[in-house]
$ cat model33.cif   # mmCIF, C-alpha atoms
data_structure
loop_
_atom_site.label_atom_id
_atom_site.label_comp_id
_atom_site.auth_asym_id
_atom_site.auth_seq_id
_atom_site.Cartn_x
_atom_site.Cartn_y
_atom_site.Cartn_z
CA MET A 1 -28.26 128.69 14.90
CA SER A 2 -24.48 128.48 14.56
CA ALA A 3 -22.19 131.42 15.17
CA GLU A 4 -21.32 131.42 11.47
CA ASP A 5 -24.97 131.66 10.42
CA ARG A 6 -25.75 134.29 13.03
CA GLU A 7 -22.95 136.53 11.77
CA THR A 8 -24.71 136.84 8.42
CA THR A 9 -27.97 138.15 9.88
CA PRO A 10 -29.00 141.80 10.23
CA LEU A 11 -29.32 141.21 13.97
CA ALA A 12 -25.68 140.17 14.11
CA ALA A 13 -24.75 143.33 12.25
CA LEU A 14 -26.64 145.35 14.83
CA ALA A 15 -24.90 143.48 17.65
CA GLU A 16 -21.56 144.25 16.00
CA LEU A 17 -22.40 147.95 16.03
CA VAL A 18 -23.70 147.99 19.61
CA ALA A 19 -20.73 146.00 20.94
CA GLY A 20 -18.47 148.93 20.11
CA GLY A 21 -20.28 151.13 22.63
CA GLY A 22 -20.64 154.90 22.48
CA LEU A 23 -24.26 154.71 21.35
CA VAL A 24 -26.96 157.31 21.74
CA VAL A 25 -30.50 155.94 21.48
CA LEU A 26 -33.33 157.96 19.93
CA SER A 27 -36.61 156.28 20.88
CA GLY A 28 -40.20 156.78 19.78
CA ALA A 29 -43.71 155.56 20.50
CA GLY A 30 -43.11 152.20 18.82
CA LEU A 31 -40.93 151.17 21.74
CA SER A 32 -43.88 151.49 24.15
CA THR A 33 -46.55 149.63 22.20
CA GLU A 34 -45.69 146.36 23.97
CA SER A 35 -46.47 148.16 27.24
CA GLY A 36 -50.03 148.73 26.02
CA ILE A 37 -49.51 152.29 24.80
CA PRO A 38 -50.42 152.63 21.10
CA ASP A 39 -48.24 154.55 18.69
CA TYR A 40 -49.35 157.13 16.13
CA ARG A 41 -48.33 155.63 12.80
CA GLY A 42 -47.16 152.05 13.38
CA PRO A 43 -49.18 148.84 13.47
CA THR A 44 -51.15 149.89 16.60
CA GLY A 45 -51.65 153.54 15.71
CA ARG A 46 -53.54 155.71 13.32
CA ALA A 47 -52.15 157.15 10.14
CA GLN A 48 -52.52 160.65 11.53
CA ARG A 49 -53.39 162.20 14.84
CA ALA A 50 -56.90 163.62 14.62
CA ASP A 51 -57.53 167.14 15.94
CA PRO A 52 -54.44 167.54 18.13
CA MET A 53 -54.57 169.93 21.08
CA THR A 54 -52.45 172.99 20.36
CA TYR A 55 -50.87 175.28 22.92
CA GLN A 56 -52.83 178.22 21.48
CA ARG A 57 -56.19 176.47 21.90
CA PHE A 58 -55.28 175.27 25.37
CA VAL A 59 -54.43 178.72 26.77
CA GLY A 60 -57.13 180.53 24.81
CA SER A 61 -60.24 178.50 25.64
CA ALA A 62 -61.63 177.31 28.96
CA GLU A 63 -63.74 174.76 27.08
CA ALA A 64 -60.64 173.42 25.32
CA ARG A 65 -58.92 173.02 28.70
CA ARG A 66 -61.97 171.23 30.10
CA ARG A 67 -61.97 168.83 27.18
CA TYR A 68 -58.23 168.25 27.41
CA TRP A 69 -58.14 167.62 31.16
CA ALA A 70 -61.19 165.33 31.09
CA ARG A 71 -59.64 163.23 28.35
CA SER A 72 -56.17 163.31 29.89
CA HIS A 73 -57.53 162.45 33.34
CA VAL A 74 -58.80 159.17 31.91
CA GLY A 75 -55.80 158.55 29.66
CA TRP A 76 -53.25 159.26 32.38
CA ARG A 77 -54.48 156.25 34.35
CA ARG A 78 -53.51 154.00 31.42
CA ILE A 79 -50.12 155.68 31.02
CA GLY A 80 -49.44 155.78 34.75
CA GLU A 81 -50.21 152.08 35.15
CA ALA A 82 -48.08 150.99 32.18
CA ALA A 83 -44.95 148.97 32.96
CA PRO A 84 -41.68 148.90 31.03
CA ASN A 85 -41.46 146.12 28.47
CA SER A 86 -38.52 144.00 27.37
CA GLY A 87 -37.39 146.69 24.93
CA HIS A 88 -37.08 149.33 27.66
CA ARG A 89 -35.30 146.85 29.90
CA ALA A 90 -32.86 145.95 27.13
CA VAL A 91 -31.95 149.60 26.58
CA ALA A 92 -31.40 150.07 30.33
CA ASP A 93 -29.25 146.93 30.37
CA LEU A 94 -27.11 148.24 27.51
CA GLU A 95 -26.62 151.48 29.43
CA ARG A 96 -25.60 149.59 32.58
CA ARG A 97 -23.03 147.69 30.54
CA GLY A 98 -21.55 150.96 29.28
CA LEU A 99 -22.63 150.49 25.65
CA VAL A 100 -25.32 153.20 25.57
CA ASP A 101 -24.23 156.65 26.73
CA ALA A 102 -27.65 158.32 26.73
CA VAL A 103 -31.25 158.02 25.59
CA ILE A 104 -33.12 160.79 23.79
CA THR A 105 -36.79 159.85 23.92
CA GLN A 106 -39.70 161.39 22.07
CA ASN A 107 -42.02 159.56 24.47
CA VAL A 108 -43.67 161.19 27.47
CA ASP A 109 -44.49 157.99 29.39
CA GLY A 110 -41.40 157.75 31.62
CA LEU A 111 -40.91 154.04 30.86
CA HIS A 112 -37.20 154.32 30.11
CA GLN A 113 -36.60 155.64 33.63
CA ALA A 114 -38.94 153.07 35.14
CA ALA A 115 -36.84 150.36 33.47
CA GLY A 116 -33.69 151.72 35.11
CA ALA A 117 -32.16 153.96 32.44
CA ARG A 118 -30.30 156.83 34.09
CA ARG A 119 -29.34 159.37 31.44
CA VAL A 120 -32.60 160.08 29.66
CA VAL A 121 -33.45 163.34 27.89
CA GLU A 122 -37.23 163.68 27.52
CA LEU A 123 -37.39 165.67 24.31
CA HIS A 124 -41.11 166.37 24.62
CA GLY A 125 -41.31 166.43 28.43
CA GLY A 126 -43.09 164.01 30.74
CA LEU A 127 -46.71 163.30 31.63
CA ASP A 128 -45.75 162.58 35.22
CA ARG A 129 -45.35 166.31 35.91
CA VAL A 130 -47.62 169.36 35.73
CA VAL A 131 -46.44 172.94 35.30
CA CYS A 132 -48.22 176.21 36.17
CA LEU A 133 -48.13 178.61 33.24
CA SER A 134 -48.01 181.61 35.62
CA CYS A 135 -45.58 180.81 38.44
CA ARG A 136 -43.88 177.88 36.64
CA GLN A 137 -44.14 175.64 39.69
CA ARG A 138 -43.90 171.96 38.81
CA THR A 139 -45.87 169.37 40.76
CA PRO A 140 -46.33 165.59 40.43
CA ARG A 141 -49.12 164.39 38.18
CA MET A 142 -50.36 162.06 40.91
CA GLU A 143 -51.07 165.10 43.07
CA LEU A 144 -53.19 166.62 40.29
CA ASP A 145 -54.92 163.29 39.78
CA ARG A 146 -56.02 163.28 43.43
CA ARG A 147 -57.26 166.88 43.19
CA LEU A 148 -59.26 166.15 40.04
CA ARG A 149 -60.85 163.11 41.66
CA ARG A 150 -61.94 165.24 44.62
CA ALA A 151 -63.27 167.97 42.30
CA ASN A 152 -65.28 165.44 40.27
CA PRO A 153 -66.92 163.00 42.71
CA GLY A 154 -68.93 160.37 40.93
CA TRP A 155 -67.54 161.29 37.49
CA ALA A 156 -66.54 158.26 35.49
CA ALA A 157 -65.76 157.75 31.84
CA ALA A 158 -64.42 154.87 29.82
CA ALA A 159 -62.21 155.70 26.85
CA THR A 160 -62.61 154.00 23.50
CA ALA A 161 -58.97 154.71 22.58
CA ILE A 162 -55.80 156.10 24.17
CA LYS A 163 -53.05 157.99 22.37
CA PRO A 164 -49.33 157.91 23.27
CA ASP A 165 -49.63 161.32 24.97
CA GLY A 166 -52.39 160.06 27.27
CA ASP A 167 -55.22 161.72 25.35
CA ALA A 168 -58.34 159.53 25.56
CA ASP A 169 -61.28 159.56 23.19
CA LEU A 170 -64.40 160.71 25.11
CA THR A 171 -67.82 161.84 24.01
CA ASP A 172 -69.14 165.37 24.50
CA GLU A 173 -71.54 164.01 27.11
CA GLN A 174 -68.67 162.51 29.08
CA VAL A 175 -66.70 165.77 28.99
CA ALA A 176 -69.64 167.98 30.00
CA GLY A 177 -69.56 168.98 33.64
CA PHE A 178 -65.93 167.98 34.25
CA GLN A 179 -64.35 170.42 36.70
CA VAL A 180 -60.82 171.69 36.04
CA VAL A 181 -58.56 172.79 38.92
CA ASP A 182 -55.90 175.50 38.92
CA CYS A 183 -52.50 176.01 40.55
CA THR A 184 -52.65 175.83 44.36
CA ALA A 185 -49.79 178.33 44.66
CA CYS A 186 -51.03 181.17 42.46
CA GLY A 187 -54.31 180.16 40.81
CA GLY A 188 -52.70 179.99 37.37
CA LEU A 189 -53.48 177.59 34.55
CA LEU A 190 -52.04 174.11 34.86
CA LYS A 191 -50.60 172.26 31.88
CA PRO A 192 -48.90 168.88 31.61
CA ASP A 193 -45.15 169.35 31.44
CA VAL A 194 -45.06 168.25 27.81
CA VAL A 195 -44.56 170.08 24.53
CA PHE A 196 -47.88 170.69 22.81
CA PHE A 197 -48.38 171.20 19.10
CA GLY A 198 -47.62 174.88 18.47
CA GLU A 199 -44.87 174.93 21.11
CA ASN A 200 -41.16 174.59 20.57
CA VAL A 201 -38.93 172.19 22.44
CA PRO A 202 -36.84 174.40 24.79
CA LYS A 203 -33.60 175.37 23.07
CA PRO A 204 -31.29 174.18 25.90
CA ARG A 205 -32.87 170.74 25.62
CA VAL A 206 -32.41 170.67 21.85
CA ASP A 207 -28.80 171.81 22.23
CA GLU A 208 -28.18 169.04 24.77
CA CYS A 209 -29.51 166.46 22.33
CA PHE A 210 -27.41 167.78 19.46
CA ALA A 211 -24.33 167.62 21.72
CA LEU A 212 -25.11 164.01 22.65
CA VAL A 213 -25.45 163.05 18.99
CA ALA A 214 -22.24 164.85 18.05
CA GLY A 215 -20.36 162.95 20.74
CA ALA A 216 -21.78 159.53 19.83
CA ARG A 217 -19.99 156.75 18.00
CA ALA A 218 -23.34 155.68 16.52
CA LEU A 219 -27.02 156.64 16.68
CA LEU A 220 -29.58 153.89 17.29
CA VAL A 221 -33.19 154.79 16.43
CA LEU A 222 -35.79 152.58 18.14
CA GLY A 223 -39.51 152.59 17.39
CA SER A 224 -39.83 155.92 15.62
CA SER A 225 -41.11 156.63 12.13
CA LEU A 226 -39.26 159.98 12.34
CA ALA A 227 -42.35 161.55 10.79
CA VAL A 228 -41.83 164.92 12.47
CA ARG A 229 -38.78 167.16 12.43
CA SER A 230 -38.46 167.08 16.21
CA GLY A 231 -36.71 163.71 16.06
CA LEU A 232 -35.65 163.60 12.41
CA ARG A 233 -33.24 166.51 12.87
CA PHE A 234 -30.97 164.39 15.06
CA VAL A 235 -30.74 161.75 12.36
CA GLY A 236 -29.87 164.52 9.92
CA ARG A 237 -27.15 165.82 12.22
CA ALA A 238 -25.64 162.35 12.66
CA ALA A 239 -25.61 161.90 8.88
CA GLU A 240 -23.91 165.28 8.41
CA LEU A 241 -21.19 164.26 10.88
CA GLY A 242 -20.67 160.84 9.31
CA ILE A 243 -21.94 159.05 12.41
CA PRO A 244 -23.40 155.60 11.61
CA ILE A 245 -27.16 155.33 12.03
CA ALA A 246 -29.07 152.12 12.75
CA ILE A 247 -32.88 152.00 12.78
CA VAL A 248 -35.11 149.32 14.29
CA ASN A 249 -38.78 150.02 13.59
CA GLN A 250 -41.89 148.29 12.31
CA GLY A 251 -42.51 149.97 8.99
CA PRO A 252 -40.58 152.56 6.97
CA THR A 253 -39.19 155.78 8.45
CA ARG A 254 -38.21 159.15 7.08
CA GLY A 255 -34.63 158.43 8.10
CA ASP A 256 -34.22 155.23 6.09
CA ALA A 257 -32.16 156.92 3.35
CA GLU A 258 -29.60 157.95 5.97
CA ALA A 259 -29.39 154.60 7.74
CA ALA A 260 -26.46 152.24 7.38
CA LEU A 261 -28.49 149.45 8.98
CA ARG A 262 -32.27 149.01 9.13
CA LEU A 263 -34.35 146.28 10.74
CA ASP A 264 -38.10 146.07 10.25
CA ALA A 265 -38.94 144.05 13.35
CA PRO A 266 -40.74 144.05 16.71
CA LEU A 267 -38.72 146.01 19.25
CA GLY A 268 -39.05 143.78 22.31
CA ALA A 269 -37.99 140.52 20.69
CA THR A 270 -35.24 142.15 18.64
CA LEU A 271 -33.63 143.99 21.56
CA THR A 272 -33.93 140.96 23.83
CA GLU A 273 -32.15 138.78 21.29
CA LEU A 274 -29.56 141.53 20.80
CA THR A 275 -28.67 141.51 24.48
CA LYS A 276 -28.43 137.71 24.40
CA ASP A 277 -26.02 137.90 21.46
CA LEU A 278 -23.84 140.34 23.37
CA GLN A 279 -23.90 138.16 26.49
CA ARG A 280 -22.76 135.20 24.39
CA GLY A 281 -19.78 137.21 23.29
CA GLU A 282 -20.94 137.53 19.69
CA PRO A 283 -20.36 138.95 17.14
CA SER A 284 -16.76 138.12 16.27
CA GLY A 285 -15.48 141.55 15.27
CA ARG A 286 -16.07 141.36 11.52
CA ALA A 287 -17.19 144.48 9.64
CA VAL A 288 -20.81 145.50 10.07
CA VAL A 289 -23.07 144.74 7.11
CA GLY A 290 -23.69 147.93 5.13
CA MET A 291 -21.13 149.84 7.18
CA ALA A 292 -17.37 150.15 6.88
CA ALA A 293 -15.30 148.44 9.55
CA SER A 294 -14.07 151.84 10.67
CA GLY A 295 -17.66 152.95 11.38
CA GLY A 296 -17.97 155.04 8.24
CA HIS A 297 -21.39 156.01 6.88
CA GLU A 298 -22.51 154.05 3.82
CA ALA A 299 -26.29 154.45 3.89
CA PRO A 300 -27.09 153.68 0.23
CA SER A 301 -25.71 150.12 0.47
CA ALA A 302 -27.91 149.01 3.36
CA PRO A 303 -31.19 147.30 2.39
CA THR A 304 -34.17 147.13 4.69
CA VAL A 305 -34.49 143.56 5.90
CA PRO A 306 -36.45 141.79 8.64
CA ALA A 307 -34.53 140.70 11.71
CA ALA A 308 -33.99 137.05 12.40
CA PRO A 309 -36.64 135.71 14.78
CA ALA A 310 -35.67 135.31 18.42
CA GLN A 311 -34.44 131.82 19.15
#
$ encode --input "model33.cif" --output "structure tokens"
Amino acid sequence: MSAEDRETTPLAALAELVAGGGLVVLSGAGLSTESGIPDYRGPTGRAQRADPMTYQRFVGSAEARRRYWARSHVGWRRIGEAAPNSGHRAVADLERRGLVDAVITQNVDGLHQAAGARRVVELHGGLDRVVCLSCRQRTPRMELDRRLRRANPGWAAAATAIKPDGDADLTDEQVAGFQVVDCTACGGLLKPDVVFFGENVPKPRVDECFALVAGARALLVLGSSLAVRSGLRFVGRAAELGIPIAIVNQGPTRGDAEAALRLDAPLGATLTELTKDLQRGEPSGRAVVGMAASGGHEAPSAPTVPAAPAQ
């Protein structure tokens, strides 16, 4: 493909935006599907999450905790063994080159950090940590994994499905008899260091994310349908401030009306080709499609179009 042809593609428009630097990335479960972790609403996920564990049920019922920890004990193995994919590596590469200032991730899998990204705000926490609800001590998930294996010798279960938060589908028979362990420091209830349904993201964390968005030259949304307010609010804030928004996702999102540039495309191939474009020194500095040359916000003029295939 010639440079002239490439400049007319949506991918070239995205490269034009990214080349200016000052980006904050907002990532979702769709970025991790190529690492074998399904999303909730995209091509590999379900339309809705069935019977989510709420904070209230977790703290109020020993049986609910047994079910959660049995399912999560199985699901964590899948999450813990997952490796970053080309999309995560591309984001880390853009950060190393000084084009991405920070990543706000809705994911709890730690794959951005594993790929080498340094400034990552885990909006919903991380599955690699466990917190005691009494003394607030945080311990590594691998330590809990070893304790649960010792407490349940001979217990084995195979999951039929895994969700992005590590929750595995198990039968009642598989859950029955699973032994839960408590905090070694105080005997309190242990919970993964993630935000459950019914909990709020800690305010200092939300404030940090709002500050990152306010200081960004552009917001790049990767692999999120923005179906819940937790992530959508940052798109809303960027739009209020006139900060350009670009979205790369498979399928529509709730932020599409605010986006100046939208690509309906696989994340790994698109971000890999993006980094190649930047390494080749393209694009040429022309105005971004659907966005003023000054970086102004012109969301209504930007159609949703598929990205050019990787060459």
$ residues_around --input "model33.cif" --residues "stretch 166-172 of chain A" --least-positions-apart "5" --cutoff "9 Å" --atoms "all atoms listed in the file" --output "VMD selection string"
chain A and resid 37 67 to 79 108 to 109 127 157 to 161
$ residues_around --input "model33.cif" --residues "A:Val24" --least-positions-apart "2" --cutoff "9 Å" --atoms "only C-alpha atoms" --output "PyMOL selection string"
chain A and resi 22+26+99-104+212-213+215-221
$ axis_aligned_box --input "model33.cif" --around "stretch 202-212 of chain A" --padding-each-side "8 Å" --output "AutoDock Vina command-line options"
--center_x -30.6 --center_y 169.7 --center_z 22.7 --size_x 28.5 --size_y 27.4 --size_z 22.4
$ atom_distance --input "model33.cif" --atom1 "atom CA of A:Asp193" --atom2 "atom CA of A:Gly126"
5.8 Å
$ residues_around --input "model33.cif" --residues "A:Leu133" --least-positions-apart "6" --cutoff "7 Å" --atoms "all atoms listed in the file" --output "list in words"
Gly188, Leu189, Leu190 and Lys191 of chain A
$ write_last_selection --input "model33.cif" --atoms "C-alpha atoms" --output "CSV table (one decimal), keeping the file's coordinate frame"
chain,number,residue,atom,x,y,z
A,188,GLY,CA,-52.7,180.0,37.4
A,189,LEU,CA,-53.5,177.6,34.6
A,190,LEU,CA,-52.0,174.1,34.9
A,191,LYS,CA,-50.6,172.3,31.9
$ resolve_selection --input "model33.cif" --expression "the PyMOL selection byres ((chain A and resi 266) around 9)" --output "ChimeraX atom specification"
/A:30-31,223,248-250,264-265,267-271,307
$ closest_residue --input "model33.cif" --among "A:Val201, A:Ala214, A:Asn85, A:Asp256" --to "A:Glu240" --atoms "all atoms listed in the file"
A:Ala214
$ closest_residue --input "model33.cif" --among "A:Glu34, A:Arg136, A:Arg280, A:Arg65" --to "A:Arg89" --atoms "only C-alpha atoms"
A:Glu34
$ closest_residue --input "model33.cif" --among "A:Ile162, A:Ala29, A:Cys135, A:Cys183" --to "A:His112" --atoms "only C-alpha atoms"
A:Ala29
$ resolve_selection --input "model33.cif" --expression "the PyMOL selection byres ((chain A and resi 152) around 12)" --output "list in words"
Trp69, Ala70, His73, Asp145, Arg146, Arg147, Leu148, Arg149, Arg150, Ala151, Pro153, Gly154, Trp155, Ala156, Ala157, Val175, Ala176, Gly177, Phe178, Gln179, Val180 and Val181 of chain A
